[in-house]
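Peer 1: Have a peek at data_21.cif (mmCIF, C-alpha atoms and all ligand atoms).
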data_input
loop_
_atom_site.label_atom_id
_atom_site.label_comp_id
_atom_site.auth_asym_id
_atom_site.auth_seq_id
_atom_site.Cartn_x
_atom_site.Cartn_y
_atom_site.Cartn_z
CA MET A 1 193.50 122.70 -212.49
CA THR A 2 196.17 123.55 -215.06
CA SER A 3 196.35 127.11 -216.32
CA VAL A 4 195.17 125.97 -219.76
CA ALA A 5 192.14 124.29 -218.18
CA HIS A 6 191.44 127.42 -216.13
CA GLN A 7 191.76 129.80 -219.09
CA LEU A 8 189.66 127.48 -221.23
CA GLN A 9 186.94 127.60 -218.58
CA GLN A 10 187.11 131.41 -218.44
CA THR A 11 186.90 131.65 -222.23
CA LEU A 12 183.87 129.34 -222.33
CA THR A 13 182.24 131.49 -219.65
CA ARG A 14 182.81 134.64 -221.76
CA LEU A 15 181.31 132.83 -224.74
CA GLU A 16 178.27 131.67 -222.75
CA GLU A 17 177.66 135.13 -221.29
CA ALA A 18 177.80 136.70 -224.75
CA ARG A 19 175.52 134.01 -226.17
CA THR A 20 172.94 134.58 -223.46
CA ARG A 21 173.15 138.34 -223.91
CA ALA A 22 172.64 137.86 -227.66
CA GLY A 23 169.52 135.77 -226.97
CA ARG A 24 170.93 132.91 -229.02
CA PRO A 25 170.11 129.26 -228.17
CA PRO A 26 172.50 126.95 -226.28
CA GLY A 27 175.04 125.42 -228.65
CA ALA A 28 174.64 128.21 -231.24
CA VAL A 29 178.31 129.14 -230.98
CA ALA A 30 181.34 126.93 -230.42
CA LEU A 31 184.90 127.63 -229.36
CA LEU A 32 187.76 126.92 -231.73
CA ALA A 33 190.89 126.85 -229.56
CA VAL A 34 193.75 128.29 -231.61
CA SER A 35 196.84 126.32 -230.63
CA LYS A 36 199.34 127.81 -233.11
CA THR A 37 202.86 128.17 -231.64
CA PHE A 38 201.87 126.04 -228.63
CA PRO A 39 203.14 122.47 -228.22
CA ALA A 40 201.11 119.29 -228.59
CA GLU A 41 201.14 118.99 -224.78
CA ALA A 42 199.06 122.18 -224.48
CA VAL A 43 196.47 120.70 -226.85
CA ARG A 44 196.47 117.55 -224.74
CA GLU A 45 195.77 119.63 -221.63
CA ALA A 46 192.92 121.48 -223.31
CA HIS A 47 191.48 118.21 -224.56
CA ALA A 48 191.68 116.71 -221.08
CA ALA A 49 189.65 119.74 -219.94
CA GLY A 50 186.97 119.03 -222.53
CA GLN A 51 188.02 120.96 -225.66
CA CYS A 52 187.87 119.06 -228.97
CA ALA A 53 188.18 121.64 -231.79
CA PHE A 54 191.60 123.18 -232.46
CA GLY A 55 192.76 125.77 -234.98
CA GLU A 56 196.21 125.97 -236.54
CA ASN A 57 197.76 128.58 -238.86
CA TYR A 58 200.95 127.11 -240.21
CA VAL A 59 200.65 123.93 -242.27
CA GLN A 60 203.92 122.23 -241.30
CA GLU A 61 203.55 123.04 -237.59
CA ALA A 62 200.00 121.68 -237.72
CA LEU A 63 200.94 118.46 -239.52
CA ASP A 64 203.64 117.78 -236.93
CA LYS A 65 201.21 118.44 -234.06
CA ILE A 66 198.46 116.30 -235.58
CA ALA A 67 201.00 113.46 -235.94
CA ALA A 68 202.19 113.91 -232.33
CA LEU A 69 198.56 113.65 -231.19
CA ALA A 70 197.65 110.69 -233.42
CA ASP A 71 196.44 108.73 -230.39
CA LEU A 72 193.69 111.33 -229.88
CA ARG A 73 192.87 111.77 -233.58
CA ALA A 74 189.34 110.35 -233.43
CA GLN A 75 188.42 112.73 -230.59
CA LEU A 76 189.93 115.90 -232.05
CA GLN A 77 188.77 118.20 -234.82
CA TRP A 78 191.53 120.05 -236.68
CA HIS A 79 190.81 123.36 -238.41
CA LEU A 80 193.21 125.20 -240.71
CA ILE A 81 192.77 128.95 -240.17
CA GLY A 82 195.99 130.16 -241.84
CA PRO A 83 196.87 130.75 -245.49
CA LEU A 84 196.92 127.71 -247.77
CA GLN A 85 199.17 127.60 -250.84
CA SER A 86 198.18 125.29 -253.68
CA ASN A 87 201.36 123.22 -253.34
CA LYS A 88 200.35 122.30 -249.75
CA THR A 89 196.80 121.14 -250.41
CA ARG A 90 197.56 117.40 -250.58
CA PRO A 91 198.72 116.82 -246.97
CA VAL A 92 196.14 119.33 -245.75
CA ALA A 93 193.29 117.50 -247.53
CA ALA A 94 194.31 114.32 -245.72
CA ALA A 95 194.99 115.69 -242.24
CA PHE A 96 192.34 118.32 -241.47
CA ASP A 97 188.59 118.33 -240.82
CA TRP A 98 187.91 121.98 -241.68
CA ILE A 99 189.62 124.65 -243.83
CA HIS A 100 188.52 128.22 -243.01
CA THR A 101 190.73 130.03 -245.51
CA VAL A 102 189.62 129.08 -249.02
CA ASP A 103 189.93 132.24 -251.10
CA ARG A 104 190.03 130.92 -254.67
CA LEU A 105 188.42 128.15 -256.65
CA LYS A 106 191.70 126.44 -257.49
CA ILE A 107 192.37 125.67 -253.82
CA ALA A 108 188.90 124.19 -253.31
CA GLN A 109 189.22 122.12 -256.51
CA ARG A 110 192.55 120.69 -255.38
CA LEU A 111 191.17 119.90 -251.91
CA ALA A 112 188.22 118.10 -253.54
CA GLU A 113 190.53 116.09 -255.81
CA GLN A 114 192.92 115.24 -253.00
CA ARG A 115 190.54 114.46 -250.13
CA PRO A 116 191.29 110.76 -249.52
CA ASP A 117 188.65 108.06 -249.98
CA GLY A 118 186.95 106.95 -246.81
CA LEU A 119 187.10 110.29 -244.98
CA PRO A 120 184.02 112.46 -244.46
CA PRO A 121 183.84 115.55 -246.70
CA LEU A 122 186.28 118.31 -245.80
CA GLN A 123 184.29 121.24 -244.37
CA LEU A 124 185.13 124.56 -246.06
CA CYS A 125 184.70 128.24 -245.33
CA LEU A 126 185.51 131.10 -247.69
CA GLN A 127 187.78 133.74 -246.20
CA VAL A 128 186.38 137.20 -246.88
CA ASN A 129 188.44 140.37 -246.88
CA ILE A 130 185.78 142.19 -244.88
CA SER A 131 187.84 145.25 -243.86
CA GLY A 132 189.11 145.78 -247.41
CA GLU A 133 192.75 145.93 -246.38
CA ASP A 134 195.22 145.51 -249.24
CA SER A 135 197.56 143.38 -247.14
CA LYS A 136 195.01 140.80 -245.98
CA SER A 137 194.14 137.69 -247.89
CA GLY A 138 190.57 136.74 -248.60
CA VAL A 139 188.08 137.19 -251.40
CA ALA A 140 186.52 140.64 -251.91
CA PRO A 141 182.92 140.84 -250.60
CA GLN A 142 181.50 141.47 -254.09
CA ASP A 143 183.14 138.27 -255.40
CA VAL A 144 182.03 135.93 -252.59
CA ALA A 145 178.69 134.80 -254.04
CA ALA A 146 180.21 133.73 -257.38
CA LEU A 147 183.02 131.83 -255.64
CA ALA A 148 180.53 130.19 -253.26
CA CYS A 149 178.40 128.94 -256.19
CA ALA A 150 181.47 127.43 -257.86
CA VAL A 151 182.73 125.77 -254.65
CA ALA A 152 179.25 124.47 -253.78
CA ALA A 153 179.21 122.66 -257.15
CA LEU A 154 182.31 120.55 -256.30
CA PRO A 155 181.79 116.85 -255.44
CA ALA A 156 179.78 116.69 -252.20
CA ASP A 157 181.43 113.49 -251.03
CA ARG A 158 184.81 115.33 -250.94
CA VAL A 159 184.16 118.90 -249.84
CA ARG A 160 181.24 120.71 -248.28
CA LEU A 161 180.97 124.49 -248.26
CA ARG A 162 179.79 125.56 -244.80
CA GLY A 163 180.18 129.32 -244.54
CA LEU A 164 182.32 132.44 -244.32
CA MET A 165 185.32 133.45 -242.27
CA SER A 166 186.99 136.82 -241.71
CA ILE A 167 189.85 138.45 -239.83
CA PRO A 168 188.82 142.10 -239.53
CA GLU A 169 191.28 144.86 -238.81
CA PRO A 170 191.60 145.08 -234.98
CA VAL A 171 189.63 147.97 -233.46
CA GLU A 172 188.72 149.03 -229.92
CA GLY A 173 185.23 149.14 -228.47
CA LEU A 174 182.23 146.86 -228.80
CA ALA A 175 180.31 148.96 -231.36
CA ALA A 176 183.26 149.27 -233.73
CA GLN A 177 184.13 145.58 -233.30
CA ARG A 178 180.58 144.54 -234.17
CA GLU A 179 180.53 146.40 -237.48
CA PRO A 180 182.65 144.04 -239.68
CA HIS A 181 181.01 140.99 -238.07
CA ARG A 182 177.58 142.39 -238.90
CA ARG A 183 178.69 142.84 -242.52
CA LEU A 184 179.94 139.24 -242.73
CA HIS A 185 176.59 138.01 -241.40
CA GLU A 186 174.74 140.07 -244.03
CA LEU A 187 177.02 138.65 -246.70
CA LEU A 188 176.10 135.12 -245.60
CA ALA A 189 172.46 135.92 -246.36
CA VAL A 190 173.42 137.31 -249.78
CA VAL A 191 175.39 134.16 -250.58
CA ASN A 192 172.55 131.90 -249.43
CA ALA A 193 170.16 133.75 -251.71
CA ALA A 194 172.59 133.27 -254.62
CA LEU A 195 173.10 129.51 -254.14
CA ALA A 196 171.06 127.15 -256.28
CA PRO A 197 167.44 126.78 -255.08
CA GLY A 198 166.83 123.54 -253.20
CA GLY A 199 170.55 123.04 -252.65
CA GLN A 200 172.70 123.43 -249.58
CA ARG A 201 172.64 126.53 -247.39
CA LEU A 202 175.59 127.99 -245.51
CA ASP A 203 175.26 127.84 -241.72
CA THR A 204 178.71 128.87 -240.48
CA LEU A 205 180.27 132.20 -239.51
CA SER A 206 183.87 131.87 -238.35
CA MET A 207 184.54 135.24 -236.76
CA GLY A 208 185.89 136.78 -233.58
CA MET A 209 189.13 136.18 -231.72
CA SER A 210 190.18 136.63 -228.07
CA ALA A 211 189.86 140.43 -228.15
CA ASP A 212 186.47 140.68 -229.88
CA LEU A 213 184.66 137.42 -229.19
CA GLU A 214 181.70 139.14 -227.49
CA ALA A 215 181.18 141.37 -230.55
CA ALA A 216 181.32 138.35 -232.85
CA VAL A 217 178.85 136.32 -230.77
CA LEU A 218 176.43 139.26 -230.69
CA GLU A 219 176.58 139.36 -234.50
CA GLY A 220 175.98 135.66 -235.04
CA ALA A 221 179.36 133.90 -234.98
CA THR A 222 179.10 130.10 -234.95
CA TRP A 223 182.85 129.48 -234.49
CA VAL A 224 184.87 131.90 -232.37
CA ARG A 225 188.63 131.43 -232.83
CA ALA A 226 190.42 132.17 -229.56
CA GLY A 227 194.11 131.54 -228.99
CA THR A 228 195.51 133.98 -226.44
CA ALA A 229 192.48 133.67 -224.15
CA VAL A 230 192.94 129.89 -223.92
CA PHE A 231 196.68 129.27 -224.16
CA GLY A 232 198.20 132.62 -223.12
CA GLY A 233 200.31 135.12 -225.05
CA ARG A 234 202.43 134.22 -228.04
CA ALA A 235 205.76 135.62 -229.21
CA ARG A 236 204.91 138.66 -231.32
CA SER A 237 207.01 137.53 -234.24
CA PRO A 238 209.08 134.37 -234.64
CA VAL A 239 211.94 136.40 -236.16
CA ALA A 240 211.98 139.10 -233.52
CA GLY A 241 212.37 136.46 -230.80
CA ALA A 242 211.56 139.05 -228.16
CA SER A 243 209.48 136.71 -226.03
CA VAL A 244 208.73 133.04 -225.84
CA ALA A 245 205.28 131.61 -226.57
CA GLY A 246 203.41 131.10 -223.33
CA ALA A 247 205.75 133.33 -221.36
CA ALA A 248 204.50 136.63 -222.76
CA THR A 249 201.62 138.58 -221.27
CA GLY A 250 198.94 136.09 -220.38
CA ALA A 251 195.21 136.46 -220.86
C1 LIG A 301 196.01 133.63 -234.25
C2 LIG A 301 194.65 133.65 -234.84
C3 LIG A 301 193.51 133.64 -234.03
C4 LIG A 301 193.56 133.70 -232.52
O1 LIG A 301 193.97 134.98 -232.13
P1 LIG A 301 193.93 135.40 -230.55
O2 LIG A 301 193.97 136.87 -230.61
O3 LIG A 301 195.15 134.80 -229.95
O4 LIG A 301 192.70 134.86 -229.99
C5 LIG A 301 192.27 133.58 -234.65
N1 LIG A 301 192.17 133.54 -235.98
C6 LIG A 301 193.23 133.56 -236.79
C7 LIG A 301 193.05 133.51 -238.26
C8 LIG A 301 194.51 133.63 -236.24
O5 LIG A 301 195.57 133.67 -237.06
#
Can the structure from this file be put into structure tokens for me?
Peer 2:
Amino acid sequence: MTSVAHQLQQTLTRLEEARTRAGRPPGAVALLAVSKTFPAEAVREAHAAGQCAFGENYVQEALDKIAALADLRAQLQWHLIGPLQSNKTRPVAAAFDWIHTVDRLKIAQRLAEQRPDGLPPLQLCLQVNISGEDSKSGVAPQDVAALACAVAALPADRVRLRGLMSIPEPVEGLAAQREPHRRLHELLAVVNAALAPGGQRLDTLSMGMSADLEAAVLEGATWVRAGTAVFGGRARSPVAGASVAGAATGA
């Protein structure tokens, strides 16, 4: 077994244990394997071990990887989990299946206009600034319901609003880790109550990473985004160049 296959298995076991502990039904939470900074070959290994959903942060890196894995395209699901600028929406609307980081109406409108004919609707999540940090992107919690109503009104054959995503400030300890995830789950209920009666309901919570996936599963995550746990450590910063992706401290 390759190390990616082994780490993938261990991550899935963590996810299953947390799901059972949370008393949630089988299949209630899925793993999004975050392959940013890792080569297409690592994605191939994870896919060979059974993983189909992959998350990427940087648009150009992702487009190159998706192209390099074109032979597997029908079997893979590509999720953008990094920031999206409005001048990059066109290639993104064509290449991805999900976008987790919509934080303004303009981005969602452009994705709807630019989603090519013949593809299923692009699945969208709104990124919420749940910890209230100035530096983080995402819509403020009090503005989420209004944005959700506007995005939900876009053409349903092009984009479909599925839920909320957040990247809370990292904290230690299960109780503290659960807190922002609990707030995102509560916000999902608020948004669902605000959406037009008889219309669609949001069913997706994209929350939790390698360090806090148990906390996220206990609070209702439906996608957990784990990179380090599956692929190993990444270089801390591309500019610092202190360590090489995959060679740093493993999971
Ligand atoms: C990198 C990243 C992850 C994965 O982080 P790990 O700690 O490596 O699991 C998840 N979500 C987002 C938005 C990321 O940028």
Peer 1: Find the residues near ligand LIG 301 (chain A). Use a cut-off of 9 Å, count all atoms listed in the file, and write them as an MDAnalysis selection string.
Peer 2: chainID A and resid 32:36 55:57 80:83 100:101 165:167 206:213 224:234
Peer 1: Just the residues within 12 Å of stretch 113-121 of chain A, please, counting all atoms listed in the file, with nothing from its chain fewer than 6 positions along; format it as number ranges by chain.
Peer 2: A: 74, 86-99, 106-107, 154-162
Peer 1: Kindly give the distance, in Å, that separates atom CA of A:His181 and atom CA of A:Ala62, rounded to a single decimal.
Peer 2: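 That distance, rounded to one decimal, is 27.1 Å.
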Peer 1: Rounded to one decimal, what separation in Å do you get between atom CA of A:Ala53 and atom CA of A:Ala153?
Peer 2: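 Separating atom CA of A:Ala53 from atom CA of A:Ala153 is a distance of 26.9 Å.
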Peer 1: Pick from A:Leu31, A:Ala145, A:Ala216, A:Ala67: nearest to A:Glu179, with all atoms listed in the file counted?
Peer 2: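 When distances to A:Glu179 are compared using all atoms listed in the file, the smallest one comes from A:Ala216.
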Peer 1: Considering all atoms listed in the file, state which residue in the set A:Ala221, A:Leu76, A:Leu164, A:Ala152 is at the smallest distance from A:Val139.
Peer 2: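 Looking at the shortest contact to A:Val139, the residue is A:Leu164.
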Peer 1: Just the number, please: distance in Å from atom CA of A:Val151 to atom CA of A:Gly199, one decimal.
Peer 2: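 Atom CA of A:Gly199 lies 12.6 Å from atom CA of A:Val151.
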Peer 1: Would you list the contacts of A:Ala48 as a ChimeraX atom specification, taking every protein, DNA or RNA residue within 12 Å and counting all atoms listed in the file, but skipping same-chain residues closer than 2 positions in sequence?
Peer 2: /A:1-2,4-6,8,41-46,50-52,72,75-76
Peer 1: Ranking A:Gln177, A:Asp103, A:Gln85, A:Pro39 by minimum distance to A:Ala68 and counting all atoms listed in the file, which one comes first?
Peer 2: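 Of A:Gln177, A:Asp103, A:Gln85, A:Pro39, the one nearest A:Ala68, counting all atoms listed in the file, is A:Pro39.
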Peer 1: Nearest to A:Tyr58 among A:Gln200, A:Gln142, A:Gln127, A:Thr37, with distances taken over only C-alpha atoms: which residue is it?
Peer 2: A:Thr37
Peer 1: The residues within 8 Å of (188.7, 136.7, -249.7), using only C-alpha atoms and the coordinates of the file, should be reported as a compact mmCIF listing (two decimals) with C-alpha atoms, in the frame of the given file; which are they?
Peer 2:
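The resulting file, part23.txt, is reproduced below:
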# COMPACT_ATOMS: atom_id res chain seq x y z
CA VAL A 102 189.62 129.08 -249.02
CA ASP A 103 189.93 132.24 -251.10
CA ARG A 104 190.03 130.92 -254.67
CA LEU A 126 185.51 131.10 -247.69
CA GLN A 127 187.78 133.74 -246.20
CA VAL A 128 186.38 137.20 -246.88
CA ASN A 129 188.44 140.37 -246.88
CA ILE A 130 185.78 142.19 -244.88
CA SER A 137 194.14 137.69 -247.89
CA GLY A 138 190.57 136.74 -248.60
CA VAL A 139 188.08 137.19 -251.40
CA ALA A 140 186.52 140.64 -251.91
CA PRO A 141 182.92 140.84 -250.60
CA VAL A 144 182.03 135.93 -252.59
Peer 1: The centre and edge lengths of an axis-aligned box containing all atoms of stretch 81-97 of chain A present in the file, extended by 4 Å on each side, are to be given in Å to one decimal, as JSON.
Peer 2:
{"center_x": 195.0, "center_y": 122.5, "center_z": -246.9, "size_x": 20.8, "size_y": 24.4, "size_z": 21.5}
Peer 1: Within 8 Å of A:His185, counting all atoms listed in the file, which residues show up once you throw out same-chain ones fewer than 6 positions away? Write them as a list of chain:residue names, please.
Peer 2: A:Leu205, A:Glu219, A:Gly220
Peer 1: Would you pick out the contacts of A:Leu105 at 9 Å or less, using only C-alpha atoms, so that residues sharing its chain but fewer than 6 positions from it are not included, and give the list as a compact mmCIF listing (two decimals) with C-alpha atoms, in the frame of the given file?
Peer 2:
# COMPACT_ATOMS: atom_id res chain seq x y z
CA LEU A 147 183.02 131.83 -255.64
CA ALA A 148 180.53 130.19 -253.26
CA ALA A 150 181.47 127.43 -257.86
CA VAL A 151 182.73 125.77 -254.65
Peer 1: Which residue is closest to A:Thr11? Choose from A:Leu63, A:Leu111, A:Ala30, A:Ala196 and count only C-alpha atoms.
Peer 2: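 Looking at the shortest contact to A:Thr11, the residue is A:Ala30.
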Peer 1: Please rebuild stretch 62-84 of chain A with N, CA, C and O atoms and give the result as a short mmCIF file (atom, residue, chain, number, x, y, z; two decimals), keeping the file's coordinate frame.
Peer 2:
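The file below, result_23.cif, is the result:
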data_model
loop_
_atom_site.label_atom_id
_atom_site.label_comp_id
_atom_site.auth_asym_id
_atom_site.auth_seq_id
_atom_site.Cartn_x
_atom_site.Cartn_y
_atom_site.Cartn_z
N ALA A 62 201.24 122.42 -237.98
CA ALA A 62 200.00 121.68 -237.72
C ALA A 62 200.16 120.20 -238.02
O ALA A 62 199.74 119.35 -237.22
N LEU A 63 200.78 119.88 -239.15
CA LEU A 63 200.94 118.46 -239.52
C LEU A 63 201.77 117.73 -238.46
O LEU A 63 201.46 116.60 -238.08
N ASP A 64 202.81 118.39 -237.97
CA ASP A 64 203.64 117.78 -236.93
C ASP A 64 202.82 117.55 -235.65
O ASP A 64 202.94 116.51 -235.00
N LYS A 65 202.00 118.54 -235.29
CA LYS A 65 201.21 118.44 -234.06
C LYS A 65 200.13 117.36 -234.19
O LYS A 65 199.90 116.58 -233.25
N ILE A 66 199.50 117.31 -235.35
CA ILE A 66 198.46 116.30 -235.58
C ILE A 66 199.09 114.90 -235.47
O ILE A 66 198.51 113.99 -234.87
N ALA A 67 200.31 114.76 -236.02
CA ALA A 67 201.00 113.46 -235.94
C ALA A 67 201.35 113.13 -234.49
O ALA A 67 201.21 111.99 -234.04
N ALA A 68 201.81 114.14 -233.73
CA ALA A 68 202.19 113.91 -232.33
C ALA A 68 200.98 113.55 -231.48
O ALA A 68 201.12 112.95 -230.41
N LEU A 69 199.78 113.92 -231.94
CA LEU A 69 198.56 113.65 -231.19
C LEU A 69 197.70 112.58 -231.88
O LEU A 69 196.48 112.54 -231.70
N ALA A 70 198.37 111.72 -232.64
CA ALA A 70 197.65 110.69 -233.42
C ALA A 70 196.78 109.80 -232.53
O ALA A 70 195.71 109.35 -232.94
N ASP A 71 197.22 109.58 -231.31
CA ASP A 71 196.44 108.73 -230.39
C ASP A 71 195.08 109.33 -230.05
O ASP A 71 194.15 108.61 -229.67
N LEU A 72 194.96 110.65 -230.19
CA LEU A 72 193.69 111.33 -229.88
C LEU A 72 192.90 111.67 -231.14
O LEU A 72 191.85 112.34 -231.06
N ARG A 73 193.40 111.26 -232.32
CA ARG A 73 192.87 111.77 -233.58
C ARG A 73 191.34 111.68 -233.69
O ARG A 73 190.69 112.61 -234.14
N ALA A 74 190.78 110.55 -233.26
CA ALA A 74 189.34 110.35 -233.43
C ALA A 74 188.53 111.32 -232.56
O ALA A 74 187.36 111.58 -232.82
N GLN A 75 189.15 111.84 -231.51
CA GLN A 75 188.42 112.73 -230.59
C GLN A 75 188.66 114.20 -230.88
O GLN A 75 188.02 115.06 -230.29
N LEU A 76 189.61 114.50 -231.77
CA LEU A 76 189.93 115.90 -232.05
C LEU A 76 189.41 116.31 -233.42
O LEU A 76 189.27 115.49 -234.32
N GLN A 77 189.14 117.62 -233.54
CA GLN A 77 188.77 118.20 -234.82
C GLN A 77 189.83 119.25 -235.14
O GLN A 77 190.07 120.14 -234.33
N TRP A 78 190.45 119.11 -236.31
CA TRP A 78 191.53 120.05 -236.68
C TRP A 78 191.06 121.00 -237.77
O TRP A 78 190.57 120.57 -238.82
N HIS A 79 191.24 122.31 -237.50
CA HIS A 79 190.81 123.36 -238.41
C HIS A 79 192.03 124.15 -238.89
O HIS A 79 192.80 124.64 -238.05
N LEU A 80 192.17 124.32 -240.20
CA LEU A 80 193.21 125.20 -240.71
C LEU A 80 192.63 126.60 -240.84
O LEU A 80 191.65 126.82 -241.54
N ILE A 81 193.27 127.57 -240.15
CA ILE A 81 192.77 128.95 -240.17
C ILE A 81 193.83 129.90 -240.74
O ILE A 81 193.64 131.11 -240.71
N GLY A 82 194.94 129.34 -241.23
CA GLY A 82 195.99 130.16 -241.84
C GLY A 82 195.99 129.99 -243.35
O GLY A 82 195.27 129.15 -243.90
N PRO A 83 196.83 130.78 -244.02
CA PRO A 83 196.87 130.75 -245.49
C PRO A 83 197.25 129.37 -246.03
O PRO A 83 198.05 128.67 -245.42
N LEU A 84 196.64 129.02 -247.16
CA LEU A 84 196.92 127.71 -247.77
C LEU A 84 197.39 127.93 -249.21
O LEU A 84 196.66 128.47 -250.03
#
